[in-house]
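Peer 1: My structure file work.txt, compact mmCIF, C-alpha atoms and all ligand atoms, is below:
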# COMPACT_ATOMS: atom_id res chain seq x y z
CA MET Z 1306 -14.27 -69.99 54.49
CA ALA Z 1307 -16.45 -72.70 53.00
CA ASP Z 1308 -18.82 -72.28 50.08
CA ARG Z 1309 -22.46 -73.41 50.19
CA SER Z 1310 -21.59 -76.02 47.57
CA ASP Z 1311 -19.01 -77.55 49.94
CA ILE Z 1312 -21.62 -78.05 52.66
CA ILE Z 1313 -24.14 -79.44 50.17
CA ALA Z 1314 -21.47 -81.88 48.96
CA LEU Z 1315 -20.96 -83.08 52.55
CA MET Z 1316 -24.69 -83.70 52.89
CA ARG Z 1317 -24.86 -85.51 49.56
CA ARG Z 1318 -22.01 -87.80 50.55
CA PHE Z 1319 -23.62 -88.64 53.89
CA ALA Z 1320 -27.23 -88.95 52.64
CA PRO Z 1321 -27.33 -89.43 48.84
CA GLU Z 1322 -30.32 -87.65 47.32
CA SER Z 1323 -31.20 -90.64 45.14
CA ALA Z 1324 -31.83 -92.85 48.18
CA THR Z 1325 -35.30 -91.60 49.14
CA GLU Z 1326 -38.33 -93.69 50.02
CA PRO Z 1327 -39.13 -96.13 47.20
CA GLY Z 1328 -42.37 -95.34 45.39
CA PHE Z 1329 -42.69 -92.04 47.27
CA SER Z 1330 -42.19 -88.74 45.47
CA ASP Z 1331 -40.02 -87.01 48.04
CA ASN Z 1332 -38.59 -83.57 47.38
CA VAL Z 1333 -35.02 -83.34 48.61
CA GLY Z 1334 -31.95 -81.27 47.76
CA LEU Z 1335 -31.46 -77.54 47.34
CA LEU Z 1336 -35.03 -76.17 47.33
CA VAL Z 1337 -34.47 -72.40 47.65
CA GLY Z 1338 -31.60 -70.11 46.70
CA SER Z 1339 -28.17 -70.54 45.23
CA ALA Z 1340 -25.75 -73.44 45.72
CA ARG Z 1341 -22.89 -70.96 45.47
CA GLY Z 1342 -21.75 -68.28 47.88
CA VAL Z 1343 -19.65 -67.93 50.98
CA CYS Z 1344 -20.91 -70.06 53.86
CA GLY Z 1345 -19.18 -69.77 57.22
CA ARG Z 1346 -22.19 -70.85 59.24
CA VAL Z 1347 -25.03 -73.29 58.67
CA LEU Z 1348 -28.30 -73.44 60.62
CA LEU Z 1349 -29.69 -76.95 61.26
CA CYS Z 1350 -33.37 -77.57 61.96
CA LEU Z 1351 -36.26 -79.95 61.44
CA ASP Z 1352 -38.53 -77.44 59.69
CA CYS Z 1353 -37.53 -74.38 57.71
CA THR Z 1354 -40.09 -71.79 58.78
CA GLU Z 1355 -39.97 -68.02 58.29
CA ARG Z 1356 -38.75 -67.84 61.90
CA ALA Z 1357 -35.89 -70.24 61.14
CA VAL Z 1358 -34.86 -68.15 58.13
CA GLU Z 1359 -34.80 -65.01 60.28
CA GLU Z 1360 -32.77 -66.84 62.92
CA ALA Z 1361 -30.31 -67.99 60.25
CA ALA Z 1362 -29.87 -64.45 58.92
CA ALA Z 1363 -29.45 -63.02 62.43
CA LYS Z 1364 -26.74 -65.57 63.20
CA GLY Z 1365 -24.86 -65.10 59.93
CA CYS Z 1366 -25.90 -68.43 58.40
CA SER Z 1367 -26.19 -68.28 54.60
CA LEU Z 1368 -27.48 -71.87 54.42
CA ILE Z 1369 -30.16 -73.83 56.26
CA VAL Z 1370 -30.09 -77.62 56.29
CA ALA Z 1371 -33.57 -78.84 57.22
CA HIS Z 1372 -35.07 -82.32 57.45
CA HIS Z 1373 -38.62 -81.74 56.22
CA PRO Z 1374 -38.91 -80.34 52.68
CA LEU Z 1375 -39.88 -76.66 52.76
CA ILE Z 1376 -41.69 -77.24 49.45
CA PHE Z 1377 -43.15 -80.73 49.47
CA ARG Z 1378 -45.64 -80.78 46.61
CA SER Z 1379 -45.44 -78.48 43.60
CA VAL Z 1380 -46.82 -75.00 44.24
CA SER Z 1381 -48.45 -72.66 41.73
CA ARG Z 1382 -47.72 -69.42 43.58
CA VAL Z 1383 -45.32 -68.05 46.19
CA THR Z 1384 -46.95 -65.26 48.19
CA ASP Z 1385 -46.95 -63.98 51.75
CA GLU Z 1386 -50.39 -65.50 52.23
CA THR Z 1387 -49.07 -68.95 53.19
CA PRO Z 1388 -46.47 -70.08 55.77
CA THR Z 1389 -44.44 -71.78 53.01
CA GLY Z 1390 -44.59 -68.67 50.82
CA ARG Z 1391 -43.46 -66.46 53.68
CA ALA Z 1392 -40.49 -68.73 54.42
CA VAL Z 1393 -39.47 -68.84 50.74
CA LEU Z 1394 -39.78 -65.05 50.39
CA ALA Z 1395 -37.79 -64.47 53.59
CA ALA Z 1396 -35.06 -66.83 52.35
CA ALA Z 1397 -34.87 -64.94 49.04
CA ARG Z 1398 -34.91 -61.53 50.76
CA LEU Z 1399 -32.26 -62.45 53.33
CA ASN Z 1400 -30.08 -64.46 50.91
CA VAL Z 1401 -30.39 -67.71 52.85
CA SER Z 1402 -30.33 -70.90 50.78
CA VAL Z 1403 -32.38 -73.89 51.95
CA TYR Z 1404 -31.23 -77.48 51.54
CA CYS Z 1405 -33.55 -80.31 52.63
CA ALA Z 1406 -32.65 -83.94 53.31
CA HIS Z 1407 -35.76 -85.93 54.15
CA THR Z 1408 -36.24 -89.68 53.67
CA ASN Z 1409 -32.66 -89.94 52.33
CA LEU Z 1410 -31.53 -88.72 55.76
CA ASP Z 1411 -33.93 -91.17 57.44
CA PHE Z 1412 -32.54 -94.26 55.71
CA CYS Z 1413 -28.79 -93.59 55.31
CA ASP Z 1414 -26.25 -95.23 57.62
CA GLY Z 1415 -26.02 -93.06 60.73
CA GLY Z 1416 -29.23 -91.25 59.76
CA LEU Z 1417 -32.48 -90.76 61.64
CA ASN Z 1418 -33.63 -94.40 61.53
CA ASP Z 1419 -30.37 -95.58 63.08
CA PHE Z 1420 -30.38 -92.80 65.66
CA ALA Z 1421 -34.00 -93.49 66.65
CA ALA Z 1422 -33.20 -97.20 67.10
CA GLU Z 1423 -30.19 -96.29 69.23
CA THR Z 1424 -32.27 -93.86 71.31
CA ALA Z 1425 -34.94 -96.55 71.90
CA GLY Z 1426 -32.17 -98.77 73.28
CA LEU Z 1427 -32.26 -101.39 70.51
CA LYS Z 1428 -29.30 -103.68 69.92
CA ASN Z 1429 -28.23 -105.75 66.89
CA VAL Z 1430 -29.97 -103.16 64.72
CA ARG Z 1431 -30.85 -104.22 61.15
CA PRO Z 1432 -33.14 -102.82 58.44
CA MET Z 1433 -36.86 -103.37 59.08
CA THR Z 1434 -37.15 -103.93 55.34
CA THR Z 1435 -35.03 -103.34 52.26
CA ASP Z 1436 -36.45 -101.99 49.02
CA GLY Z 1437 -34.24 -101.49 45.97
CA GLY Z 1438 -31.16 -101.46 48.18
CA ILE Z 1439 -32.64 -98.78 50.46
CA LYS Z 1440 -32.91 -99.69 54.13
CA VAL Z 1441 -36.30 -98.59 55.44
CA GLY Z 1442 -36.91 -98.52 59.22
CA ARG Z 1443 -34.87 -100.45 61.72
CA THR Z 1444 -35.48 -103.54 63.85
CA GLY Z 1445 -33.42 -104.42 66.90
CA ASP Z 1446 -33.38 -106.52 70.05
CA LEU Z 1447 -34.06 -105.31 73.56
CA PRO Z 1448 -31.19 -105.94 75.99
CA ALA Z 1449 -33.70 -108.02 78.02
CA PRO Z 1450 -37.34 -108.99 77.44
CA THR Z 1451 -39.78 -106.30 78.57
CA THR Z 1452 -43.39 -105.35 77.93
CA ALA Z 1453 -44.75 -102.93 75.37
CA ALA Z 1454 -45.91 -100.63 78.19
CA ARG Z 1455 -42.49 -100.61 79.84
CA LEU Z 1456 -40.81 -99.97 76.50
CA ALA Z 1457 -43.23 -97.07 75.93
CA ALA Z 1458 -42.22 -95.60 79.30
CA LYS Z 1459 -38.57 -95.97 78.30
CA CYS Z 1460 -39.25 -94.24 74.97
CA ALA Z 1461 -41.10 -91.42 76.76
CA GLU Z 1462 -37.94 -90.72 78.73
CA ALA Z 1463 -35.41 -91.33 75.95
CA PHE Z 1464 -37.21 -89.17 73.38
CA GLY Z 1465 -38.37 -86.61 75.94
CA ASP Z 1466 -42.05 -87.15 75.16
CA PRO Z 1467 -44.27 -87.56 78.22
CA ARG Z 1468 -47.21 -88.19 75.86
CA ALA Z 1469 -45.82 -91.52 74.58
CA ALA Z 1470 -48.57 -94.16 74.56
CA VAL Z 1471 -49.35 -97.71 73.48
CA ALA Z 1472 -51.98 -98.76 70.96
CA GLY Z 1473 -52.87 -102.39 71.60
CA ASP Z 1474 -51.71 -104.83 74.27
CA GLY Z 1475 -49.28 -103.07 76.63
CA SER Z 1476 -48.67 -106.30 78.56
CA LYS Z 1477 -47.27 -108.13 75.53
CA THR Z 1478 -43.73 -109.42 76.01
CA VAL Z 1479 -41.30 -107.64 73.70
CA ARG Z 1480 -37.93 -109.10 72.77
CA ALA Z 1481 -37.43 -107.16 69.54
CA ALA Z 1482 -38.94 -103.90 68.31
CA ALA Z 1483 -39.08 -102.07 65.00
CA ILE Z 1484 -38.96 -98.30 64.66
CA VAL Z 1485 -39.70 -95.65 62.05
CA ASN Z 1486 -39.06 -92.11 63.26
CA GLY Z 1487 -41.52 -89.37 62.35
CA GLY Z 1488 -44.79 -90.35 60.71
CA GLY Z 1489 -44.81 -94.12 60.19
CA GLY Z 1490 -48.41 -94.74 61.20
CA ASP Z 1491 -49.30 -97.00 58.32
CA ILE Z 1492 -50.70 -100.55 58.44
CA GLU Z 1493 -48.18 -101.67 55.80
CA PHE Z 1494 -45.37 -100.63 58.15
CA LEU Z 1495 -46.95 -102.65 60.99
CA LYS Z 1496 -46.95 -105.70 58.75
CA LEU Z 1497 -43.32 -105.12 57.73
CA ALA Z 1498 -42.38 -104.69 61.39
CA ALA Z 1499 -43.99 -108.06 62.23
CA GLU Z 1500 -42.28 -109.74 59.24
CA SER Z 1501 -38.93 -108.41 60.46
CA GLY Z 1502 -39.36 -110.36 63.68
CA ALA Z 1503 -40.40 -107.45 65.89
CA ASP Z 1504 -42.93 -107.95 68.70
CA CYS Z 1505 -43.98 -104.31 68.62
CA TYR Z 1506 -43.54 -101.20 66.50
CA ILE Z 1507 -42.53 -97.67 67.52
CA THR Z 1508 -43.53 -94.62 65.45
CA GLY Z 1509 -45.43 -91.31 65.37
CA ASP Z 1510 -48.51 -89.94 63.59
CA VAL Z 1511 -50.75 -92.96 64.23
CA PRO Z 1512 -54.36 -92.47 63.04
CA HIS Z 1513 -57.25 -94.23 64.76
CA HIS Z 1514 -57.68 -96.99 62.16
CA VAL Z 1515 -54.01 -97.94 62.55
CA ALA Z 1516 -54.31 -97.94 66.36
CA LEU Z 1517 -57.34 -100.19 65.99
CA TYR Z 1518 -55.41 -102.54 63.70
CA ALA Z 1519 -52.58 -102.65 66.27
CA ALA Z 1520 -55.04 -103.65 68.99
CA GLU Z 1521 -56.85 -106.25 66.90
CA SER Z 1522 -53.78 -107.79 65.23
CA GLY Z 1523 -51.78 -108.28 68.41
CA MET Z 1524 -48.97 -106.03 67.19
CA PRO Z 1525 -48.80 -103.16 69.70
CA VAL Z 1526 -47.65 -99.77 68.47
CA ILE Z 1527 -45.77 -97.39 70.74
CA ILE Z 1528 -46.76 -93.88 69.71
CA VAL Z 1529 -44.19 -91.14 70.21
CA GLN Z 1530 -44.77 -87.59 68.95
CA HIS Z 1531 -43.35 -87.03 65.46
CA TYR Z 1532 -41.28 -84.01 66.56
CA ALA Z 1533 -39.86 -85.85 69.58
CA THR Z 1534 -38.55 -88.77 67.54
CA GLU Z 1535 -36.70 -86.48 65.13
CA ARG Z 1536 -35.70 -83.21 66.78
CA ILE Z 1537 -33.06 -84.82 69.01
CA TYR Z 1538 -31.23 -85.97 65.87
CA ILE Z 1539 -30.37 -82.40 64.88
CA SER Z 1540 -27.61 -82.25 67.52
CA ARG Z 1541 -26.21 -85.53 66.15
CA LEU Z 1542 -26.27 -84.07 62.63
CA LYS Z 1543 -24.29 -81.11 63.93
CA ASP Z 1544 -21.60 -83.49 65.23
CA ILE Z 1545 -21.57 -85.46 61.96
CA LEU Z 1546 -21.22 -82.37 59.76
CA THR Z 1547 -18.68 -80.72 62.06
CA GLU Z 1548 -16.48 -83.81 61.86
CA ALA Z 1549 -16.99 -84.18 58.08
CA ALA Z 1550 -16.08 -80.51 57.51
CA ARG Z 1551 -13.00 -80.82 59.70
CA ALA Z 1552 -11.88 -83.93 57.80
CA CYS Z 1553 -12.15 -81.95 54.52
CA GLY Z 1554 -10.39 -78.90 55.93
CA LEU Z 1555 -13.54 -76.78 55.58
CA ASP Z 1556 -13.95 -73.77 57.83
CA ALA Z 1557 -17.65 -73.88 58.67
CA GLU Z 1558 -19.68 -73.76 61.86
CA PHE Z 1559 -22.93 -75.66 62.35
CA ILE Z 1560 -25.61 -74.24 64.63
CA VAL Z 1561 -28.70 -76.05 65.95
CA SER Z 1562 -31.78 -73.82 65.66
CA GLU Z 1563 -32.88 -72.39 68.98
CA SER Z 1564 -36.13 -70.90 67.73
CA GLU Z 1565 -37.71 -74.21 66.73
CA ARG Z 1566 -40.54 -75.57 68.87
CA ASP Z 1567 -42.78 -78.64 68.74
CA PRO Z 1568 -45.96 -77.30 67.10
CA VAL Z 1569 -47.93 -79.64 69.38
CA THR Z 1570 -47.93 -78.73 73.06
CA THR Z 1571 -49.66 -80.48 75.94
CA VAL Z 1572 -52.54 -78.59 77.49
CA THR Z 1573 -50.83 -78.52 80.89
CA GLU Z 1574 -47.96 -76.54 79.35
CA GLU Z 1575 -50.49 -73.99 78.21
CA LEU Z 1576 -52.38 -73.70 81.52
ZN ZN R 1601 -40.53 -86.05 60.14
Turn the structure described in the file into structure tokens.

Peer 2:
Amino acid sequence: MADRSDIIALMRRFAPESATEPGFSDNVGLLVGSARGVCGRVLLCLDCTERAVEEAAAKGCSLIVAHHPLIFRSVSRVTDETPTGRAVLAAARLNVSVYCAHTNLDFCDGGLNDFAAETAGLKNVRPMTTDGGIKVGRTGDLPAPTTAARLAAKCAEAFGDPRAAVAGDGSKTVRAAAIVNGGGGDIEFLKLAAESGADCYITGDVPHHVALYAAESGMPVIIVQHYATERIYISRLKDILTEAARACGLDAEFIVSESERDPVTTVTEEL
């Protein structure tokens, strides 16, 4: 059976921990627990919550590989009074280690940026920008010219997000688009998208002032829910790690979390 350190080594080879977002203090790597210990099963998820830890323990997983850092900024106490504290305490109590790969998993070859570009149907995919050798975002061509509104409808279907929307001119002709999965709602990213030759930009977590900039600058932004642009990658990560483990002769099983839900639901789902 594999050891936790074997699985962590696979992750480090695929998404080196040093290759995080330039100028951004990301917190990646082993964040809770020991790097040693028998590991026959690994739970994969976007967010390591207390519920995910309990699911891991129930399914015999001694390691969780999550995308978003469980501990993002430094904390001064770990108690059961916060969601993060409860997840950390559960992980310690149930002997589940937590490894997080965030922006390093976004930018690496075959990572979330590449997968999001593929899902959006982009071809000839290249980095949106390169900073210190790190490829940030992706830009690609549409198979045929379309409009921002039609591309938004395509993204709604491809990412499984009926809430996908356009900020700015939906009738604009789009030949190339840039994409940053997750929360890329930043005016600097819109500018980089335009510089990369894209006619529109696809991302999540777009605040009003960025939507306004998109409308006024003529660079439409297709808004897809953060969770939707990233959760579908977890199944791809399972395939990648399963193949990498097999190639190394490691006996380990990778399981996609079934307890994870988008924290944002549409009101109609609730009615
Ligand atoms: Zn994210």

Peer 1: Determine, using all atoms listed in the file, which residues of chain Z have any atom at most 8 Å from an atom of ligand ZN 1601 (chain R), and tabulate each with its shortest atom pair and distance in Å to one decimal place, rows ordered by chain and then rising number, as CSV.

Peer 2:
residue,atom,partner,partner_atom,distance
Z:Leu1351,CA,R:ZN1601,ZN,7.6
Z:His1372,CA,R:ZN1601,ZN,7.1
Z:His1373,CA,R:ZN1601,ZN,6.1
Z:His1407,CA,R:ZN1601,ZN,7.7
Z:Asn1486,CA,R:ZN1601,ZN,7.0
Z:Gly1487,CA,R:ZN1601,ZN,4.1
Z:Gly1488,CA,R:ZN1601,ZN,6.1
Z:His1531,CA,R:ZN1601,ZN,6.1
Z:Tyr1532,CA,R:ZN1601,ZN,6.8
Z:Glu1535,CA,R:ZN1601,ZN,6.3

Peer 1: Calculated over all atoms listed in the file, which of the candidates Z:Ala1503, Z:Gly1554, Z:Thr1434, Z:Asn1409 has the smallest distance to Ser1323 of chain Z?

Peer 2: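 For Ser1323 of chain Z, the nearest of the given residues is Z:Asn1409.
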
Peer 1: For Ile1528 of chain Z, which residue out of Z:Ser1540, Z:Thr1478, Z:Thr1508, Z:Thr1547 is the nearest one, using only C-alpha atoms?

Peer 2: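 Among Z:Ser1540, Z:Thr1478, Z:Thr1508, Z:Thr1547, it is Z:Thr1508 that comes nearest to Ile1528 of chain Z.
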
Peer 1: I need the residue nearest Leu1394 of chain Z from this list: Z:Gly1338, Z:Ser1379, Z:Leu1348, Z:Glu1423. Use all atoms listed in the file for the distance.

Peer 2: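 Closest residue, counting all atoms listed in the file: Z:Gly1338.
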
Peer 1: Would you mind telling me which residue in Z:Pro1432, Z:Ile1537, Z:Ala1340, Z:Ala1362 lies nearest to Glu1500 of chain Z when using only C-alpha atoms?

Peer 2: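 Among Z:Pro1432, Z:Ile1537, Z:Ala1340, Z:Ala1362, it is Z:Pro1432 that comes nearest to Glu1500 of chain Z.
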
Peer 1: Need to verify the contact set: Arg1309 of chain Z, 10 Å, all atoms listed in the file, exclusion of same-chain residues closer than 3 positions in sequence. Can you return it as a PyMOL selection string?

Peer 2: chain Z and resi 1306+1312-1314+1339-1347+1367-1369+1402+1404+1557

Peer 1: Go through Z:Arg1443, Z:Arg1541, Z:Arg1391, Z:Arg1398 one by one, measure the shortest atom-to-atom distance of each to Phe1494 of chain Z using only C-alpha atoms, and give the residue with the smallest value.

Peer 2: Z:Arg1443

Peer 1: At what distance in Å, to one decimal, does atom CA of Glu1548 of chain Z lie from atom CA of Cys1366 of chain Z?

Peer 2: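 Computing it gives 18.4 Å between the two atoms.
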
Peer 1: Would you work out the distance separating atom CA of Gly1442 of chain Z from atom CA of Lys1543 of chain Z, expressed in Å to one decimal?

Peer 2: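 Rounded to one decimal, the two atoms are 22.0 Å apart.
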
Peer 1: Using only C-alpha atoms, pick whichever of Z:Val1337, Z:Ala1454, Z:Leu1517, Z:Cys1553 has the shortest atom-to-atom distance to Leu1315 of chain Z.

Peer 2: Z:Cys1553

Peer 1: With 6 Å on each side, where is the centre of the axis-aligned box around all listed atoms of segment 1515-1523 of chain Z, and how long are its edges in Å to one decimal, as JSON?

Peer 2:
{"center_x": -54.6, "center_y": -103.1, "center_z": 65.8, "size_x": 17.6, "size_y": 22.3, "size_z": 18.4}

Peer 1: Can you list, as a PyMOL selection string, every protein, DNA or RNA residue that comes within 10 Å of segment 1471-1477 of chain Z when you count all atoms listed in the file, leaving out same-chain residues fewer than 5 positions away?

Peer 2: chain Z and resi 1451-1458+1504-1507+1511+1513+1515-1529

Peer 1: Just the residues within 6 Å of Leu1349 of chain Z, please, counting only C-alpha atoms, with nothing from its chain fewer than 2 positions along; format it as a list in words.

Peer 2: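 Those residues are Ile1369, Val1370, Ala1371, Ile1560, Val1561 and Ser1562 of chain Z.
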
Peer 1: Residues within 9 Å of Ala1320 of chain Z, please, as a ChimeraX atom specification. Count all atoms listed in the file; anything in the same chain fewer than 4 positions from it doesn't count.

Peer 2: /Z:1315-1316,1324,1406,1409-1414,1416

Peer 1: Report, in Å to a single decimal, how far apart atom CA of Cys1405 of chain Z and atom CA of Asp1331 of chain Z are.

Peer 2: 10.4 Å

Peer 1: Give me segment 1512-1527 of chain Z with N, CA and C atoms filled in, as a CSV table (one decimal), keeping the file's coordinate frame.

Peer 2:
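File produced: out-v3.csv:
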chain,number,residue,atom,x,y,z
Z,1512,PRO,N,-52.9,-92.7,63.1
Z,1512,PRO,CA,-54.4,-92.5,63.0
Z,1512,PRO,C,-55.2,-93.6,63.7
Z,1513,HIS,N,-56.4,-93.3,64.0
Z,1513,HIS,CA,-57.2,-94.2,64.8
Z,1513,HIS,C,-57.3,-95.6,64.1
Z,1514,HIS,N,-57.5,-95.7,62.8
Z,1514,HIS,CA,-57.7,-97.0,62.2
Z,1514,HIS,C,-56.4,-97.8,62.3
Z,1515,VAL,N,-55.3,-97.2,62.4
Z,1515,VAL,CA,-54.0,-97.9,62.6
Z,1515,VAL,C,-53.9,-98.4,64.0
Z,1516,ALA,N,-54.3,-97.6,64.9
Z,1516,ALA,CA,-54.3,-97.9,66.4
Z,1516,ALA,C,-55.2,-99.1,66.6
Z,1517,LEU,N,-56.4,-99.1,65.9
Z,1517,LEU,CA,-57.3,-100.2,66.0
Z,1517,LEU,C,-56.7,-101.5,65.4
Z,1518,TYR,N,-56.1,-101.4,64.3
Z,1518,TYR,CA,-55.4,-102.5,63.7
Z,1518,TYR,C,-54.4,-103.1,64.7
Z,1519,ALA,N,-53.6,-102.2,65.3
Z,1519,ALA,CA,-52.6,-102.6,66.3
Z,1519,ALA,C,-53.2,-103.5,67.4
Z,1520,ALA,N,-54.4,-103.0,67.9
Z,1520,ALA,CA,-55.0,-103.6,69.0
Z,1520,ALA,C,-55.6,-105.0,68.5
Z,1521,GLU,N,-56.2,-105.0,67.4
Z,1521,GLU,CA,-56.8,-106.2,66.9
Z,1521,GLU,C,-55.9,-107.3,66.3
Z,1522,SER,N,-54.7,-106.9,65.9
Z,1522,SER,CA,-53.8,-107.8,65.2
Z,1522,SER,C,-52.8,-108.3,66.2
Z,1523,GLY,N,-52.7,-107.8,67.4
Z,1523,GLY,CA,-51.8,-108.3,68.4
Z,1523,GLY,C,-50.4,-107.7,68.2
Z,1524,MET,N,-50.3,-106.7,67.4
Z,1524,MET,CA,-49.0,-106.0,67.2
Z,1524,MET,C,-49.0,-104.6,67.8
Z,1525,PRO,N,-48.7,-104.5,69.1
Z,1525,PRO,CA,-48.8,-103.2,69.7
Z,1525,PRO,C,-47.9,-102.1,69.0
Z,1526,VAL,N,-48.4,-100.9,69.0
Z,1526,VAL,CA,-47.6,-99.8,68.5
Z,1526,VAL,C,-47.4,-98.8,69.6
Z,1527,ILE,N,-46.1,-98.4,69.8
Z,1527,ILE,CA,-45.8,-97.4,70.7
Z,1527,ILE,C,-45.8,-96.1,70.0
